[in-house]
Amino acid sequence: MTITIRQETELDYPITETVIEEAFKNEEQSDHQEHLLVGKIRKSDAFIPQLSLVAVHEDEEIVGHILLSHITIVNGESAVDSLALAPVSVIPSYQNKGIGSQLIHTALQQAKDLGYESVIVLGHDAYYPKFGFKRASTFNIKAPFDVPDEAFMALELTPHALDQVTGVVQYSKPFTE
C-alpha cells in the first residue's frame, strides 16, 4: 500500500472533515467534535496551512489527516510559541497500518523545518512517547484544564528548546469555544 503525505488544500476540506469524523466516531474519549474543531482552527490565526497534512492512498482517496496549530506557553508576562498536535485522524479501515505514524513523523519534520521548536499533545500515553513525547510536567508545563498527567505531553523539536520554559499552555480560541 502506497501512502503519500501532502499539504491539505481547500478542496480537501469537506473530505478531510468526513475522515476526521469517521476516525473518532467510535472513540470513547472523544466529544465527537474534532471535525468541527479543525474547521474552526482553519478560520483562526492559529492555523498554519503548511502543518495541515493529508494522507492519500494510491487511488487518490484521502484516508488520514493531521493538524498542528499555533499555541503559546504562558508564564506571567512571558509567552513562548509552540504548537498543538490535534487531531491526528485515520479512517478506521486504514488504522493500524502505520499511516498515523507517517502523518506524525512528516508533520513534526515539517514543523521543525518551519522553525518551530516544540509541540504539545493531549493523547494516548502509550502511543505518543514513541515519537519522543514526554510528560509535559517534566518540563514544568501544565494544561489549562484537568487532564491525567501521563496524557499531557510535550516534544522538543530543537534540543533544549523547553529547558527554560515553564507555564500553562494557552490554546487558540477554537479549542475553548
# chains A, B, ... in the order shown; residues from 1 in each chain; ligands from 1
call {"tool": "residues_around", "arguments": {"residues": "A:Ile141", "least_positions_apart": "4", "cutoff": "12 Å", "atoms": "only C-alpha atoms", "output": "JSON, numbers by chain"}}
result
{"A": [72, 73, 74, 75, 79, 80, 82, 118, 119, 120, 121, 134, 135, 136, 137, 149, 152, 153, 154, 155, 162, 163, 164, 165, 166, 167, 168, 169, 170]}
call {"tool": "closest_residue", "arguments": {"among": "A:Asp12, A:Glu156, A:Asp146, A:Glu117", "to": "A:Gly132", "atoms": "only C-alpha atoms"}}
result
A:Glu156
call {"tool": "select_by_dssp", "arguments": {"residues": "stretch 3-171 of chain A", "states": "alpha helix (DSSP H)", "output": "ChimeraX atom specification"}}
result
/A:13-24,34-42,99-113
call {"tool": "closest_residue", "arguments": {"among": "A:Arg42, A:His65, A:His160, A:Lys130", "to": "A:Ile20", "atoms": "only C-alpha atoms"}}
result
A:His65
call {"tool": "atom_distance", "arguments": {"atom1": "atom CA of A:Pro49", "atom2": "atom CA of A:Glu8"}}
result
7.4 Å
call {"tool": "closest_residue", "arguments": {"among": "A:Gly115, A:Leu157, A:Ile3, A:Pro148", "to": "A:Glu58", "atoms": "only C-alpha atoms"}}
result
A:Ile3
call {"tool": "residues_around", "arguments": {"residues": "stretch 102-112 of chain A", "least_positions_apart": "6", "cutoff": "10 Å", "atoms": "only C-alpha atoms", "output": "JSON, numbers by chain"}}
result
{"A": [3, 4, 5, 6, 7, 48, 50, 51, 52, 53, 54, 55, 64, 65, 66, 67, 68, 69, 83, 85, 88, 89, 90, 118, 119, 128, 131, 155, 156, 157, 158]}
call {"tool": "residues_around", "arguments": {"residues": "A:His124", "least_positions_apart": "5", "cutoff": "9 Å", "atoms": "only C-alpha atoms", "output": "ChimeraX atom specification"}}
result
/A:129,150-152
call {"tool": "select_by_dssp", "arguments": {"residues": "stretch 4-160 of chain A", "states": "strand (DSSP E or B)", "output": "VMD selection string"}}
result
chain A and resid 4 to 7 52 to 57 62 to 75 78 to 90 118 to 122 134 to 135 141 to 142 152 to 156
call {"tool": "atom_distance", "arguments": {"atom1": "atom CA of A:Gly39", "atom2": "atom CA of A:Pro92"}}
result
20.9 Å
